[in-house]
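Structure file data_36.cif; described as mmCIF, C-alpha atoms and all ligand atoms.
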```cif
data_target
#
loop_
_atom_site.group_PDB
_atom_site.id
_atom_site.type_symbol
_atom_site.label_atom_id
_atom_site.label_comp_id
_atom_site.auth_asym_id
_atom_site.auth_seq_id
_atom_site.Cartn_x
_atom_site.Cartn_y
_atom_site.Cartn_z
ATOM 1 C CA MET A 652 97.863 94.875 120.567
ATOM 2 C CA ILE A 653 96.770 98.422 121.429
ATOM 3 C CA ALA A 654 99.561 100.703 122.663
ATOM 4 C CA VAL A 655 98.808 104.185 124.024
ATOM 5 C CA ASP A 656 101.617 106.728 124.370
ATOM 6 C CA ALA A 657 101.146 108.059 127.941
ATOM 7 C CA GLU A 658 103.115 111.239 127.114
ATOM 8 C CA LYS A 659 100.783 112.187 124.266
ATOM 9 C CA CYS A 660 97.508 110.987 125.858
ATOM 10 C CA VAL A 661 95.390 113.763 127.479
ATOM 11 C CA ARG A 662 92.898 111.259 129.007
ATOM 12 C CA CYS A 663 89.954 112.629 127.002
ATOM 13 C CA GLY A 664 88.299 109.187 126.812
ATOM 14 C CA ALA A 665 87.358 109.490 123.117
ATOM 15 C CA CYS A 666 88.929 106.117 122.270
ATOM 16 C CA VAL A 667 87.201 104.403 125.207
ATOM 17 C CA ARG A 668 83.789 105.742 124.167
ATOM 18 C CA ASP A 669 84.281 104.640 120.547
ATOM 19 C CA CYS A 670 85.483 101.095 121.276
ATOM 20 C CA ILE A 671 82.549 98.975 120.105
ATOM 21 C CA VAL A 672 83.496 95.883 122.106
ATOM 22 C CA GLU A 673 84.420 97.917 125.221
ATOM 23 C CA VAL A 674 87.795 96.285 125.695
ATOM 24 C CA LEU A 675 89.586 99.635 125.857
ATOM 25 C CA LYS A 676 89.238 101.045 129.381
ATOM 26 C CA PRO A 677 91.063 103.707 131.419
ATOM 27 C CA GLY A 678 93.979 102.187 133.352
ATOM 28 C CA ALA A 679 95.014 103.162 136.916
ATOM 29 C CA ASP A 680 96.823 106.268 135.578
ATOM 30 C CA GLY A 681 93.844 107.203 133.348
ATOM 31 C CA VAL A 682 95.646 106.121 130.175
ATOM 32 C CA PRO A 683 93.431 103.678 128.240
ATOM 33 C CA CYS A 684 94.590 100.108 127.844
ATOM 34 C CA VAL A 685 93.215 96.673 127.038
ATOM 35 C CA ALA A 686 93.276 94.357 130.047
ATOM 36 C CA SER A 687 95.302 91.196 129.547
ATOM 37 C CA GLY A 688 93.096 88.347 128.373
ATOM 38 C CA GLU A 689 90.718 90.822 126.682
ATOM 39 C CA GLU A 690 92.836 91.309 123.530
ATOM 40 C CA ARG A 691 91.121 88.427 121.768
ATOM 41 C CA PHE A 692 87.844 90.411 121.749
ATOM 42 C CA CYS A 693 89.439 93.388 119.986
ATOM 43 C CA LEU A 694 88.087 93.668 116.404
ATOM 44 C CA ASN A 695 91.171 95.512 115.166
ATOM 45 C CA CYS A 696 88.741 98.065 113.746
ATOM 46 C CA GLN A 697 91.193 100.950 114.370
ATOM 47 C CA HIS A 698 88.444 103.214 115.717
ATOM 48 C CA CYS A 699 90.659 104.063 118.716
ATOM 49 C CA LEU A 700 93.549 104.913 116.392
ATOM 50 C CA ALA A 701 91.349 107.036 114.125
ATOM 51 C CA VAL A 702 89.495 108.972 116.831
ATOM 52 C CA CYS A 703 92.450 109.977 119.035
ATOM 53 C CA PRO A 704 93.044 113.737 118.574
ATOM 54 C CA GLN A 705 96.558 113.395 119.989
ATOM 55 C CA GLY A 706 97.768 110.606 117.713
ATOM 56 C CA ALA A 707 98.598 108.599 120.829
ATOM 57 C CA VAL A 708 97.226 105.190 119.785
ATOM 58 C CA VAL A 709 99.120 102.493 117.891
ATOM 59 C CA CYS A 710 96.783 99.687 116.834
ATOM 60 C CA ASN A 711 98.385 96.334 116.120
ATOM 61 C CA GLY A 712 101.500 98.018 114.791
ATOM 62 C CA VAL A 713 99.686 100.669 112.725
ATOM 63 C CA THR A 714 100.762 104.187 113.724
ATOM 64 C CA PRO A 715 98.797 107.456 113.331
ATOM 65 C CA GLU A 716 101.559 108.716 111.017
ATOM 66 C CA GLU A 717 100.772 105.935 108.527
ATOM 67 C CA CYS A 718 97.101 106.946 108.316
ATOM 68 C CA ALA A 719 95.711 109.463 105.825
ATOM 69 C CA GLY A 720 94.332 112.710 107.245
ATOM 70 C CA ILE A 721 90.679 113.677 106.861
ATOM 71 C CA GLY A 722 90.254 114.966 103.269
ATOM 72 C CA PRO A 723 87.363 116.756 101.531
ATOM 73 C CA LEU A 724 84.333 114.674 100.484
ATOM 74 C CA PRO A 725 82.323 114.980 97.251
ATOM 75 C CA GLY A 726 79.262 117.190 97.721
ATOM 76 C CA ALA A 727 75.783 115.674 98.028
ATOM 77 C CA ALA A 728 74.872 116.894 94.520
ATOM 78 C CA GLU A 729 77.864 115.147 92.886
ATOM 79 C CA LEU A 730 77.313 111.968 94.844
ATOM 80 C CA PHE A 731 73.626 111.958 93.933
ATOM 81 C CA ASN A 732 74.572 112.379 90.254
ATOM 82 C CA LEU A 733 76.925 109.416 90.576
ATOM 83 C CA LEU A 734 74.206 107.209 92.078
ATOM 84 C CA ARG A 735 71.587 108.371 89.594
ATOM 85 C CA GLN A 736 73.708 108.140 86.454
ATOM 86 C CA ARG A 737 75.412 104.790 87.070
ATOM 87 C CA ARG A 738 74.222 102.161 84.572
ATOM 88 C CA SER A 739 75.111 98.532 83.986
ATOM 89 C CA ILE A 740 77.455 98.546 81.013
ATOM 90 C CA ARG A 741 77.027 95.705 78.521
ATOM 91 C CA GLN A 742 78.924 97.265 75.609
ATOM 92 C CA TYR A 743 82.681 97.500 76.117
ATOM 93 C CA ARG A 744 85.557 98.727 73.980
ATOM 94 C CA PRO A 745 87.624 95.642 73.035
ATOM 95 C CA GLU A 746 90.761 96.804 74.834
ATOM 96 C CA ASN A 747 92.478 96.420 78.194
ATOM 97 C CA LEU A 748 92.306 99.221 80.722
ATOM 98 C CA GLU A 749 95.643 100.856 81.467
ATOM 99 C CA PRO A 750 97.366 98.904 84.301
ATOM 100 C CA GLU A 751 97.589 102.117 86.389
ATOM 101 C CA ILE A 752 93.785 102.462 86.271
ATOM 102 C CA ILE A 753 93.348 98.887 87.500
ATOM 103 C CA ASP A 754 95.853 99.542 90.291
ATOM 104 C CA ARG A 755 93.834 102.607 91.347
ATOM 105 C CA LEU A 756 90.582 100.654 91.180
ATOM 106 C CA VAL A 757 91.755 98.043 93.660
ATOM 107 C CA GLU A 758 93.301 100.497 96.129
ATOM 108 C CA PRO A 759 90.084 101.307 98.088
ATOM 109 C CA LEU A 760 89.265 97.612 98.555
ATOM 110 C CA ALA A 761 91.266 97.737 101.803
ATOM 111 C CA TRP A 762 88.671 100.093 103.338
ATOM 112 C CA ILE A 763 85.601 97.985 102.646
ATOM 113 C CA PRO A 764 83.591 97.286 105.799
ATOM 114 C CA THR A 765 82.959 93.645 106.635
ATOM 115 C CA GLY A 766 80.659 92.092 109.245
ATOM 116 C CA CYS A 767 82.452 91.916 112.649
ATOM 117 C CA ASN A 768 85.424 93.482 110.853
ATOM 118 C CA ASP A 769 86.250 90.009 109.553
ATOM 119 C CA HIS A 770 88.410 91.612 106.866
ATOM 120 C CA ARG A 771 89.341 88.425 105.041
ATOM 121 C CA LEU A 772 87.850 89.182 101.625
ATOM 122 C CA PHE A 773 89.864 87.831 98.693
ATOM 123 C CA PHE A 774 89.635 89.379 95.234
ATOM 124 C CA THR A 775 90.701 87.949 91.894
ATOM 125 C CA VAL A 776 91.042 90.626 89.218
ATOM 126 C CA ILE A 777 91.268 89.600 85.570
ATOM 127 C CA ARG A 778 93.618 92.234 84.199
ATOM 128 C CA GLU A 779 93.857 91.125 80.561
ATOM 129 C CA GLN A 780 91.404 90.310 77.785
ATOM 130 C CA ARG A 781 93.396 87.190 76.884
ATOM 131 C CA GLU A 782 92.710 85.784 80.376
ATOM 132 C CA MET A 783 88.997 86.607 80.034
ATOM 133 C CA ALA A 784 89.032 84.472 76.876
ATOM 134 C CA PHE A 785 89.512 81.364 79.049
ATOM 135 C CA PHE A 786 86.412 82.144 81.138
ATOM 136 C CA ARG A 787 84.378 82.959 78.022
ATOM 137 C CA ALA A 788 85.314 79.726 76.255
ATOM 138 C CA GLU A 789 84.693 77.553 79.318
ATOM 139 C CA MET A 790 81.360 79.267 79.992
ATOM 140 C CA SER A 791 80.246 78.727 76.404
ATOM 141 C CA ARG A 792 81.205 75.031 76.625
ATOM 142 C CA GLN A 793 79.314 74.695 79.919
ATOM 143 C CA LEU A 794 76.163 76.456 78.667
ATOM 144 C CA ASN A 795 75.996 74.325 75.531
ATOM 145 C CA LEU A 796 76.460 71.187 77.634
ATOM 146 C CA LEU A 797 73.674 72.228 80.022
ATOM 147 C CA ILE A 798 71.363 72.816 77.065
ATOM 148 C CA ARG A 799 72.253 69.534 75.325
ATOM 149 C CA THR A 800 71.725 67.461 78.460
ATOM 150 C CA GLY A 801 68.398 69.163 79.301
ATOM 151 C CA ILE A 802 69.699 70.372 82.678
ATOM 152 C CA MET A 803 69.268 74.006 81.644
ATOM 153 C CA ARG A 804 65.535 73.409 81.176
ATOM 154 C CA LEU A 805 65.299 72.306 84.799
ATOM 155 C CA VAL A 806 67.450 74.999 86.413
ATOM 156 C CA TYR A 807 66.440 77.979 84.248
ATOM 157 C CA PRO A 808 63.214 77.544 82.259
ATOM 158 C CA GLY A 809 63.587 81.067 80.775
ATOM 159 C CA TYR A 810 66.775 80.085 78.904
ATOM 160 C CA LYS A 811 64.972 79.441 75.601
ATOM 161 C CA ARG A 812 64.990 83.052 74.481
ATOM 162 C CA TYR A 813 68.824 82.975 74.692
ATOM 163 C CA LEU A 814 69.155 79.697 72.756
ATOM 164 C CA GLU A 815 69.992 81.259 69.416
ATOM 165 C CA GLU A 816 72.474 83.688 70.939
ATOM 166 C CA ILE A 817 74.247 80.953 72.920
ATOM 167 C CA ALA A 818 74.370 78.649 69.889
ATOM 168 C CA GLY A 819 75.730 81.569 67.833
ATOM 169 C CA GLY A 820 78.566 82.011 70.340
ATOM 170 C CA LYS A 821 77.312 85.288 71.860
ATOM 171 C CA ASP A 822 78.847 85.977 75.254
ATOM 172 C CA VAL A 823 75.587 86.243 77.203
ATOM 173 C CA VAL A 824 77.344 85.890 80.563
ATOM 174 C CA PHE A 825 80.541 87.957 80.424
ATOM 175 C CA ARG A 826 79.193 90.475 77.878
ATOM 176 C CA ASN A 827 82.540 90.669 76.086
ATOM 177 C CA ALA A 828 83.897 92.638 79.037
ATOM 178 C CA PRO A 829 87.694 92.912 79.001
ATOM 179 C CA HIS A 830 87.950 92.565 82.796
ATOM 180 C CA MET A 831 86.286 90.968 85.787
ATOM 181 C CA ILE A 832 86.649 91.104 89.559
ATOM 182 C CA VAL A 833 85.553 88.208 91.755
ATOM 183 C CA ALA A 834 85.040 88.693 95.505
ATOM 184 C CA ALA A 835 85.320 85.655 97.778
ATOM 185 C CA THR A 836 85.018 85.133 101.537
ATOM 186 C CA PRO A 837 85.986 82.306 103.881
ATOM 187 C CA ARG A 838 83.051 79.982 104.569
ATOM 188 C CA SER A 839 83.521 80.844 108.253
ATOM 189 C CA ALA A 840 83.079 84.630 107.767
ATOM 190 C CA PRO A 841 80.191 85.928 109.943
ATOM 191 C CA CYS A 842 78.629 87.860 107.027
ATOM 192 C CA LYS A 843 79.836 85.744 104.112
ATOM 193 C CA GLU A 844 76.761 86.510 101.993
ATOM 194 C CA ALA A 845 76.777 90.290 102.415
ATOM 195 C CA ASP A 846 80.483 91.181 102.486
ATOM 196 C CA PRO A 847 81.333 90.415 98.821
ATOM 197 C CA TRP A 848 78.295 92.338 97.528
ATOM 198 C CA ILE A 849 79.116 95.344 99.659
ATOM 199 C CA ALA A 850 82.730 95.151 98.483
ATOM 200 C CA LEU A 851 81.831 95.217 94.818
ATOM 201 C CA SER A 852 79.303 98.014 95.381
ATOM 202 C CA TYR A 853 82.208 100.136 96.616
ATOM 203 C CA PHE A 854 84.267 99.037 93.613
ATOM 204 C CA ASP A 855 81.361 99.853 91.289
ATOM 205 C CA LEU A 856 80.939 103.434 92.473
ATOM 206 C CA PHE A 857 84.649 104.215 92.556
ATOM 207 C CA ALA A 858 85.000 102.813 89.014
ATOM 208 C CA GLN A 859 82.524 105.411 87.696
ATOM 209 C CA THR A 860 84.769 108.229 88.929
ATOM 210 C CA LEU A 861 87.596 106.869 86.730
ATOM 211 C CA GLY A 862 85.374 106.546 83.639
ATOM 212 C CA VAL A 863 85.249 102.759 83.979
ATOM 213 C CA GLY A 864 81.978 100.970 83.203
ATOM 214 C CA THR A 865 80.773 98.012 85.280
ATOM 215 C CA CYS A 866 78.115 95.310 85.290
ATOM 216 C CA TRP A 867 77.072 92.914 88.038
ATOM 217 C CA CYS A 868 77.374 89.318 86.859
ATOM 218 C CA GLY A 869 75.028 87.284 89.050
ATOM 219 C CA PHE A 870 74.961 84.334 86.666
ATOM 220 C CA ALA A 871 78.728 83.946 86.990
ATOM 221 C CA VAL A 872 78.407 83.502 90.771
ATOM 222 C CA HIS A 873 76.373 80.340 90.159
ATOM 223 C CA ALA A 874 78.572 79.234 87.278
ATOM 224 C CA PHE A 875 81.721 79.492 89.413
ATOM 225 C CA ARG A 876 80.063 77.438 92.135
ATOM 226 C CA TRP A 877 79.056 74.649 89.700
ATOM 227 C CA ASN A 878 82.089 74.570 87.449
ATOM 228 C CA ARG A 879 85.358 73.413 88.970
ATOM 229 C CA ARG A 880 87.481 74.482 85.994
ATOM 230 C CA LEU A 881 86.218 78.050 86.187
ATOM 231 C CA ARG A 882 86.688 78.097 89.953
ATOM 232 C CA LYS A 883 90.165 76.610 89.859
ATOM 233 C CA ARG A 884 91.377 79.316 87.512
ATOM 234 C CA LEU A 885 90.607 81.921 90.212
ATOM 235 C CA ASN A 886 93.157 80.388 92.577
ATOM 236 C CA LEU A 887 91.148 80.984 95.739
ATOM 237 C CA PRO A 888 92.706 80.235 99.129
ATOM 238 C CA PRO A 889 91.452 77.002 100.763
ATOM 239 C CA GLY A 890 88.051 77.326 102.460
ATOM 240 C CA TYR A 891 87.009 80.323 100.354
ATOM 241 C CA ARG A 892 83.709 80.649 98.530
ATOM 242 C CA ILE A 893 82.809 82.969 95.643
ATOM 243 C CA GLY A 894 80.361 85.662 96.708
ATOM 244 C CA ALA A 895 80.004 88.264 93.953
ATOM 245 C CA VAL A 896 81.286 88.962 90.445
ATOM 246 C CA MET A 897 81.517 92.234 88.502
ATOM 247 C CA LEU A 898 82.544 92.899 84.910
ATOM 248 C CA PHE A 899 84.343 96.104 83.990
ATOM 249 C CA GLY A 900 86.120 97.960 81.208
ATOM 250 C CA LYS A 901 85.964 101.046 78.979
ATOM 251 C CA PRO A 902 82.330 101.692 78.066
ATOM 252 C CA ASP A 903 81.379 101.720 74.401
ATOM 253 C CA VAL A 904 78.066 103.446 75.084
ATOM 254 C CA GLN A 905 77.120 106.903 76.349
ATOM 255 C CA TYR A 906 73.875 107.870 78.026
ATOM 256 C CA ALA A 907 72.149 111.139 77.252
ATOM 257 C CA ARG A 908 70.184 111.213 80.490
ATOM 258 C CA ALA A 909 69.580 109.427 83.771
ATOM 259 C CA ALA A 910 66.734 106.934 84.052
ATOM 260 C CA HIS A 911 63.627 107.948 85.961
ATOM 261 C CA PRO A 912 62.556 105.049 88.182
ATOM 262 C CA ARG A 913 59.370 105.422 90.198
ATOM 263 C CA GLN A 914 59.202 105.570 93.941
ATOM 264 C CA THR A 915 56.431 106.364 96.390
ATOM 265 C CA VAL A 916 57.001 107.729 99.861
ATOM 266 C CA ARG A 917 54.459 107.536 102.672
ATOM 267 C CA THR A 918 54.973 108.982 106.110
ATOM 268 C CA SER A 919 52.804 108.385 109.134
ATOM 269 C CA ASP A 920 53.312 108.315 112.889
ATOM 270 C CA GLY A 921 57.023 109.000 112.669
ATOM 271 C CA VAL A 922 57.676 106.161 110.198
ATOM 272 C CA MET A 923 58.497 106.522 106.531
ATOM 273 C CA HIS A 924 57.888 103.820 103.927
ATOM 274 C CA VAL A 925 59.720 104.162 100.629
ATOM 275 C CA ARG A 926 58.501 101.795 97.956
ATOM 276 C CA GLN A 927 60.259 101.212 94.651
ATOM 277 C CA SER A 928 58.014 100.333 91.745
ATOM 278 C CA GLN A 929 58.437 99.411 88.080
HETATM 279 C C1 LIG B 1001 77.400 92.909 106.554
HETATM 280 C C2 LIG B 1001 77.735 93.764 107.746
HETATM 281 C C3 LIG B 1001 77.029 93.611 108.917
HETATM 282 C C4 LIG B 1001 77.317 94.413 110.034
HETATM 283 N N1 LIG B 1001 76.577 94.287 111.175
HETATM 284 C C5 LIG B 1001 76.833 95.101 112.245
HETATM 285 C C6 LIG B 1001 76.027 95.042 113.434
HETATM 286 O O1 LIG B 1001 75.088 94.254 113.536
HETATM 287 N N2 LIG B 1001 76.319 95.875 114.456
HETATM 288 C C7 LIG B 1001 77.343 96.762 114.391
HETATM 289 O O2 LIG B 1001 77.571 97.499 115.358
HETATM 290 N N3 LIG B 1001 78.132 96.845 113.288
HETATM 291 C C8 LIG B 1001 77.889 96.050 112.205
HETATM 292 N N4 LIG B 1001 78.654 96.145 111.067
HETATM 293 C C9 LIG B 1001 79.749 97.115 111.043
HETATM 294 C C10 LIG B 1001 81.121 96.424 111.062
HETATM 295 O O3 LIG B 1001 81.377 95.843 112.313
HETATM 296 C C11 LIG B 1001 82.151 97.494 110.707
HETATM 297 O O4 LIG B 1001 81.917 97.865 109.371
HETATM 298 C C12 LIG B 1001 83.588 97.039 110.871
HETATM 299 O O5 LIG B 1001 83.861 96.793 112.223
HETATM 300 C C13 LIG B 1001 84.575 98.092 110.344
HETATM 301 O O6 LIG B 1001 84.383 99.321 110.958
HETATM 302 P P1 LIG B 1001 84.045 100.624 110.098
HETATM 303 O O7 LIG B 1001 82.706 100.384 109.384
HETATM 304 O O8 LIG B 1001 83.959 101.735 111.080
HETATM 305 O O9 LIG B 1001 85.176 100.784 109.129
HETATM 306 C C14 LIG B 1001 78.368 95.358 109.952
HETATM 307 C C15 LIG B 1001 79.075 95.492 108.755
HETATM 308 C C16 LIG B 1001 78.759 94.726 107.657
HETATM 309 C C17 LIG B 1001 79.537 94.927 106.390
HETATM 310 S S1 LIG B 1002 90.768 98.347 117.584
HETATM 311 FE FE1 LIG B 1002 88.551 98.642 117.832
HETATM 312 S S2 LIG B 1002 87.911 96.980 119.158
HETATM 313 FE FE2 LIG B 1002 90.142 97.095 119.335
HETATM 314 S S3 LIG B 1002 90.516 98.421 121.100
HETATM 315 FE FE3 LIG B 1002 90.499 99.756 119.292
HETATM 316 S S4 LIG B 1002 88.378 100.480 119.122
HETATM 317 FE FE4 LIG B 1002 88.372 98.702 120.510
HETATM 318 S S1 LIG B 1003 91.594 109.369 122.508
HETATM 319 FE FE1 LIG B 1003 93.821 109.575 122.637
HETATM 320 S S2 LIG B 1003 94.108 111.251 124.070
HETATM 321 FE FE2 LIG B 1003 92.004 110.585 124.346
HETATM 322 S S3 LIG B 1003 92.113 109.050 125.993
HETATM 323 FE FE3 LIG B 1003 92.302 107.913 124.065
HETATM 324 S S4 LIG B 1003 94.521 107.769 123.752
HETATM 325 FE FE4 LIG B 1003 94.211 109.365 125.286
#
```
In structure tokens, what does this structure look like?
Ligand SMILES: Cc1cc2nc3c(=O)[nH]c(=O)nc-3n(C[C@H](O)[C@H](O)[C@H](O)COP(=O)(O)O)c2cc1C
Ligand code: SF4
Ligand code: SF4
Amino acid sequence: MIAVDAEKCVRCGACVRDCIVEVLKPGADGVPCVASGEERFCLNCQHCLAVCPQGAVVCNGVTPEECAGIGPLPGAAELFNLLRQRRSIRQYRPENLEPEIIDRLVEPLAWIPTGCNDHRLFFTVIREQREMAFFRAEMSRQLNLLIRTGIMRLVYPGYKRYLEEIAGGKDVVFRNAPHMIVAATPRSAPCKEADPWIALSYFDLFAQTLGVGTCWCGFAVHAFRWNRRLRKRLNLPPGYRIGAVMLFGKPDVQYARAAHPRQTVRTSDGVMHVRQSQ
């Protein structure tokens, strides 16, 4: 429910203009309101709450006083450094992150955008190395089984170059990372494919600012979908499906410089094409 305080409202119309689904309209007295029967179309996006200069809007029980003010942003140069210097970390110190760091890492997850503001992402965070040991052991068992039965040859012909490592017990999937975060969405979410990847991209970038290294773990997404024991351990709510997985922990590697990937840019007739290349 959207409630507008008529005493505070100066009828500027900012909330009406910013309501994406156009359910917020000026009432007879000029104070915006949502007509009865229209509430079900409201996305609960809180744009009206955020844009109101008077702090007059309460959005589904959330008051302006509860919201953070507008703080300073990192400069373009710092943000560019962050994007340019981020690397996938596959060497981790064999220790848990401090619990306070993990608590800080998960805090921004609430602000992740989701398609149609679905906002039903579910995250499982493995906070301790001893819990990761379960996933590592089960994954090793599963990989060896897939190889023995010949299924691996069918699903991933390139597996042969990892044979020795897998047989030798090397953790080719979880990279000996002390932690992992798994993002899941309900099967009914409008953007169930994109939302988890966007979520962990946010997580990834924020992690760098706390000195935490990360690595996408695409193989684990498939493994969780095939293997019931792995999936069960995540304790997902009913109807949820795993979307993206990221490893994280203290890096045991330092980079002396950023990489220098190639890119070509062509502009013609008001259109720009930017092509990545190897
Ligand atoms: C995967 C994805 C697809 C989206 N598609 C659209 C879209 O087609 N049109 C649109 O207006 N907004 C789109 N959005 C924006 C969301 O509706 C928006 O992020 C959400 O309502 C929360 O609002 P905020 O981004 O202002 O926090 C999309 C967002 C995501 C994550
Ligand atoms: S929460 Fe979003 S969709 Fe709902 S009334 Fe406010 S601006 Fe409109
Ligand atoms: S933005 Fe605030 S002050 Fe302006 S019309 Fe909406 S409720 Fe009133």
Need to verify the contact set: Val833 in chain A, 6 Å, all atoms listed in the file, exclusion of same-chain residues closer than 3 positions in sequence. Can you return it as number ranges by chain? A: 774-775, 895-896
To one decimal place, how far is CA of Lys843 in chain A from CA of Glu673 in chain A in Å? 24.8 Å
Rows by chain and residue number, chain A within 10 Å of ligand LIG 1003 (chain B), shortest pair, only C-alpha atoms and all ligand atoms, as CSV:
```
residue,atom,partner,partner_atom,distance
A:Ile653,CA,B:LIG1003,S4,9.9
A:Ala654,CA,B:LIG1003,S4,8.7
A:Val655,CA,B:LIG1003,S4,5.6
A:Asp656,CA,B:LIG1003,S4,7.2
A:Ala657,CA,B:LIG1003,FE4,7.5
A:Glu658,CA,B:LIG1003,FE4,9.3
A:Lys659,CA,B:LIG1003,S2,6.7
A:Cys660,CA,B:LIG1003,FE4,3.7
A:Val661,CA,B:LIG1003,S2,4.4
A:Arg662,CA,B:LIG1003,S3,3.8
A:Cys663,CA,B:LIG1003,FE2,3.9
A:Gly664,CA,B:LIG1003,S3,3.9
A:Ala665,CA,B:LIG1003,S1,4.3
A:Cys666,CA,B:LIG1003,S1,4.2
A:Val667,CA,B:LIG1003,FE3,6.3
A:Arg668,CA,B:LIG1003,S1,8.8
A:Asp669,CA,B:LIG1003,S1,8.9
A:Leu675,CA,B:LIG1003,FE3,8.9
A:Lys676,CA,B:LIG1003,S3,9.2
A:Pro677,CA,B:LIG1003,S3,7.7
A:Gly681,CA,B:LIG1003,S3,7.8
A:Val682,CA,B:LIG1003,FE4,6.0
A:Pro683,CA,B:LIG1003,S3,6.0
A:Cys684,CA,B:LIG1003,S4,8.7
A:His698,CA,B:LIG1003,S1,9.7
A:Cys699,CA,B:LIG1003,S1,6.6
A:Leu700,CA,B:LIG1003,FE1,7.8
A:Ala701,CA,B:LIG1003,S1,8.7
A:Val702,CA,B:LIG1003,S1,6.1
A:Cys703,CA,B:LIG1003,S1,3.6
A:Pro704,CA,B:LIG1003,FE1,5.9
A:Gln705,CA,B:LIG1003,S2,5.2
A:Gly706,CA,B:LIG1003,FE1,6.4
A:Ala707,CA,B:LIG1003,S4,5.1
A:Val708,CA,B:LIG1003,S4,5.5
A:Val709,CA,B:LIG1003,S4,9.1
```
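Remark: for ligand LIG 1001 (chain B), the closest of the candidate residues A:Leu734, A:Leu756, A:Ala845, A:Ala784 is A:Ala845 (distances computed over only C-alpha atoms and all ligand atoms).
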Test item: the PyMOL selection byres (((chain A and resi 874) around 12) and not hetatm) resolved as a PyMOL selection string: chain A and resi 786-787+789-794+797+806+824-825+868-873+875-882+893-896
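Minimum distance to Val904 in chain A across A:Cys718, A:Ile671, A:Ile740, A:Ala727 (counting all atoms listed in the file) occurs at A:Ile740.
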Selection: 8 Å around Thr865 in chain A, only C-alpha atoms, excl. self and same-chain fewer than 5 positions, as a PyMOL selection string: chain A and resi 738-740+855+858-859+897-900
